[in-house]
Amino acid sequence: MQRKSYAYVPGVAVLLTALLAGCTGSSDSGGGTDDSKPGEVSASATSAKPGRYRSLPEACAQVDKATLDEMLPGIEGLPDEEQREKAYEGAATETYDTDRRVGCGWKDSSADAGAHRLTLDFERVVSYDAAVSDDSSAEDVFGAKQVAADLPAPSASSAGDEPTPEGSAGASDDGSGAPSGAASDGASATASSSVTPADLQPRVLDDLGDEAFVDDALAGPTAARHRTVTVVFRTSNVVVTVEYEAQSAGPGEVPDSKEMQDTVQELAGKLVGRFGE
């Protein structure tokens, strides 16, 4: 029997090869492959906004001579001109990175005006987490300082009430708990000057930077008490601390709380707009 022969058709083989390649090959047309998952946001889109400030000013140049004369009256009375100029210049705080932190300190001492010390500290906060903004990191730094200050709860008493701070001369020295009014007339003036009205207690400040607080501490023995007023505020990603300490010249005298707080808050208000972007 004669066998039938089948001719080889090249076109069919070419067609089969093309069909197989279309089923198994990668889809390169229309751009590269997209490895992102549905609903996933790219890393660049989640990067947090950087802080407003990228540098810090020279701290020792931020307080003018008139303010220093008011806060440190002993400097003006220094007899030596070179020593006086050096006192006005202040001493810069040693830091490892002046783009991140700078500070300055001034001090005086005289028989008539007592002793005073003023310190500034500027910290520019930078977040190392792309998902956390510089401002948020600065909020954490400010919050830690506020917690450390341990501010008392806002007092419900009126400004006329005068609660006695811990360690003040509001109670008798004999531990009896008797009010200072029961003491002798010679001690009454000292005791009354050491109490703090409710509106001068350590508290949150509403009109300074993005957030702020003031702390007021009285310490030292009765014969040589010194007061330290501290104002801390945040503006964007910079946290500023202004600390002012005073000790009266006369024994038993207490530096005035309101006067010191007003002076420090005024200085802090001038510093808010001193940061270059």
# chains A, B, ... in the order shown; residues from 1 in each chain; ligands from 1
>>> residues_around(residues="Val126 in chain A", least_positions_apart="4", cutoff="12 Å", atoms="only C-alpha atoms", output="compact mmCIF listing (two decimals) with C-alpha atoms, in the first residue's frame")
# COMPACT_ATOMS: atom_id res chain seq x y z
CA ALA A 48 7.29 64.46 56.75
CA LYS A 49 7.60 68.19 56.29
CA PRO A 50 10.95 69.63 57.43
CA GLY A 51 11.11 72.28 60.13
CA ARG A 52 10.92 75.97 59.35
CA TYR A 53 14.38 76.81 60.68
CA ARG A 54 17.59 75.47 59.18
CA SER A 55 20.10 77.41 61.27
CA ASP A 99 23.75 74.32 63.62
CA ARG A 100 21.85 72.22 66.13
CA ARG A 101 22.48 73.88 69.49
CA ALA A 130 11.22 60.33 57.48
CA VAL A 132 8.04 62.21 61.67
CA SER A 133 8.31 65.95 61.08
CA ASP A 134 10.91 68.17 62.72
CA ASP A 135 8.10 70.10 64.43
CA SER A 136 6.71 66.91 65.96
CA SER A 137 10.14 65.98 67.28
CA ALA A 138 10.49 69.50 68.72
CA GLU A 139 7.11 69.08 70.42
CA ASP A 140 8.49 65.97 72.13
CA VAL A 141 11.60 67.87 73.31
CA SER A 236 8.40 75.47 64.86
CA ASN A 237 11.42 73.16 65.24
CA VAL A 238 13.42 75.37 67.66
CA VAL A 239 13.15 75.09 71.45
>>> closest_atom_pairs(of="range 84-109 of chain A", to="range 118-122 of chain A", cutoff="6 Å", atoms="only C-alpha atoms", output="CSV")
residue,atom,partner,partner_atom,distance
A:Arg101,CA,A:Phe122,CA,5.6
A:Val102,CA,A:Phe122,CA,5.3
A:Gly103,CA,A:Asp121,CA,4.3
A:Cys104,CA,A:Leu120,CA,5.3
A:Gly105,CA,A:Thr119,CA,4.3
A:Trp106,CA,A:Leu118,CA,5.2
>>> closest_atom_pairs(of="range 40-116 of chain A", to="range 258-263 of chain A", cutoff="12 Å", atoms="only C-alpha atoms", output="CSV")
residue,atom,partner,partner_atom,distance
A:Thr67,CA,A:Thr263,CA,8.8
A:Leu68,CA,A:Thr263,CA,10.7
A:Asp69,CA,A:Thr263,CA,11.9
A:Glu70,CA,A:Thr263,CA,8.6
A:Met71,CA,A:Thr263,CA,7.6
A:Leu72,CA,A:Thr263,CA,11.4
A:His116,CA,A:Met260,CA,11.0
>>> write_last_selection(atoms="all heavy atoms", output="JSON list (two decimals), in the first residue's frame")
[["chain", "number", "residue", "atom", "x", "y", "z"],
["A", 67, "THR", "N", 19.05, 95.69, 77.88],
["A", 67, "THR", "CA", 18.44, 94.55, 78.59],
["A", 67, "THR", "C", 19.42, 93.96, 79.61],
["A", 67, "THR", "O", 19.03, 93.61, 80.72],
["A", 67, "THR", "CB", 17.99, 93.48, 77.59],
["A", 67, "THR", "OG1", 17.06, 94.05, 76.68],
["A", 67, "THR", "CG2", 17.34, 92.31, 78.31],
["A", 68, "LEU", "N", 20.69, 93.85, 79.22],
["A", 68, "LEU", "CA", 21.68, 93.32, 80.15],
["A", 68, "LEU", "C", 21.85, 94.25, 81.35],
["A", 68, "LEU", "O", 22.01, 93.78, 82.49],
["A", 68, "LEU", "CB", 23.02, 93.14, 79.44],
["A", 68, "LEU", "CG", 23.08, 92.01, 78.40],
["A", 68, "LEU", "CD1", 24.42, 92.03, 77.66],
["A", 68, "LEU", "CD2", 22.87, 90.65, 79.07],
["A", 69, "ASP", "N", 21.81, 95.57, 81.13],
["A", 69, "ASP", "CA", 21.92, 96.51, 82.25],
["A", 69, "ASP", "C", 20.74, 96.35, 83.22],
["A", 69, "ASP", "O", 20.90, 96.50, 84.43],
["A", 69, "ASP", "CB", 21.96, 97.95, 81.73],
["A", 69, "ASP", "CG", 23.33, 98.31, 81.16],
["A", 69, "ASP", "OD1", 24.32, 97.64, 81.51],
["A", 69, "ASP", "OD2", 23.40, 99.27, 80.36],
["A", 70, "GLU", "N", 19.57, 96.04, 82.67],
["A", 70, "GLU", "CA", 18.38, 95.86, 83.50],
["A", 70, "GLU", "C", 18.44, 94.55, 84.28],
["A", 70, "GLU", "O", 18.11, 94.51, 85.47],
["A", 70, "GLU", "CB", 17.12, 95.91, 82.64],
["A", 70, "GLU", "CG", 15.84, 95.71, 83.43],
["A", 70, "GLU", "CD", 14.60, 95.66, 82.56],
["A", 70, "GLU", "OE1", 14.74, 95.76, 81.31],
["A", 70, "GLU", "OE2", 13.50, 95.51, 83.10],
["A", 71, "MET", "N", 18.86, 93.48, 83.63],
["A", 71, "MET", "CA", 18.83, 92.16, 84.24],
["A", 71, "MET", "C", 20.08, 91.86, 85.06],
["A", 71, "MET", "O", 20.02, 91.07, 86.02],
["A", 71, "MET", "CB", 18.64, 91.08, 83.17],
["A", 71, "MET", "CG", 17.38, 91.24, 82.35],
["A", 71, "MET", "SD", 17.11, 89.93, 81.12],
["A", 71, "MET", "CE", 16.59, 88.58, 82.19],
["A", 72, "LEU", "N", 21.21, 92.49, 84.70],
["A", 72, "LEU", "CA", 22.46, 92.28, 85.43],
["A", 72, "LEU", "C", 23.07, 93.66, 85.75],
["A", 72, "LEU", "O", 24.05, 94.08, 85.14],
["A", 72, "LEU", "CB", 23.44, 91.45, 84.60],
["A", 72, "LEU", "CG", 22.97, 90.04, 84.23],
["A", 72, "LEU", "CD1", 22.36, 90.01, 82.82],
["A", 72, "LEU", "CD2", 24.11, 89.04, 84.32],
["A", 116, "HIS", "N", 23.42, 88.06, 89.87],
["A", 116, "HIS", "CA", 22.47, 87.67, 88.85],
["A", 116, "HIS", "C", 23.15, 86.80, 87.81],
["A", 116, "HIS", "O", 24.36, 86.92, 87.58],
["A", 116, "HIS", "CB", 21.87, 88.90, 88.15],
["A", 116, "HIS", "CG", 21.24, 89.89, 89.08],
["A", 116, "HIS", "ND1", 21.98, 90.81, 89.79],
["A", 116, "HIS", "CD2", 19.94, 90.08, 89.43],
["A", 116, "HIS", "CE1", 21.17, 91.55, 90.54],
["A", 116, "HIS", "NE2", 19.94, 91.12, 90.34]]
>>> closest_residue(among="A:Pro57, A:Phe142, A:Gly250, A:Leu267", to="Val125 in chain A", atoms="only C-alpha atoms")
A:Phe142
>>> atom_distance(atom1="CA of Glu76 in chain A", atom2="CA of Asp112 in chain A")
12.1 Å
>>> closest_residue(among="A:Pro152, A:Pro202, A:Pro251, A:Gly143", to="Phe233 in chain A", atoms="only C-alpha atoms")
A:Gly143
>>> atom_distance(atom1="CA of Pro79 in chain A", atom2="CA of Ala59 in chain A")
26.1 Å
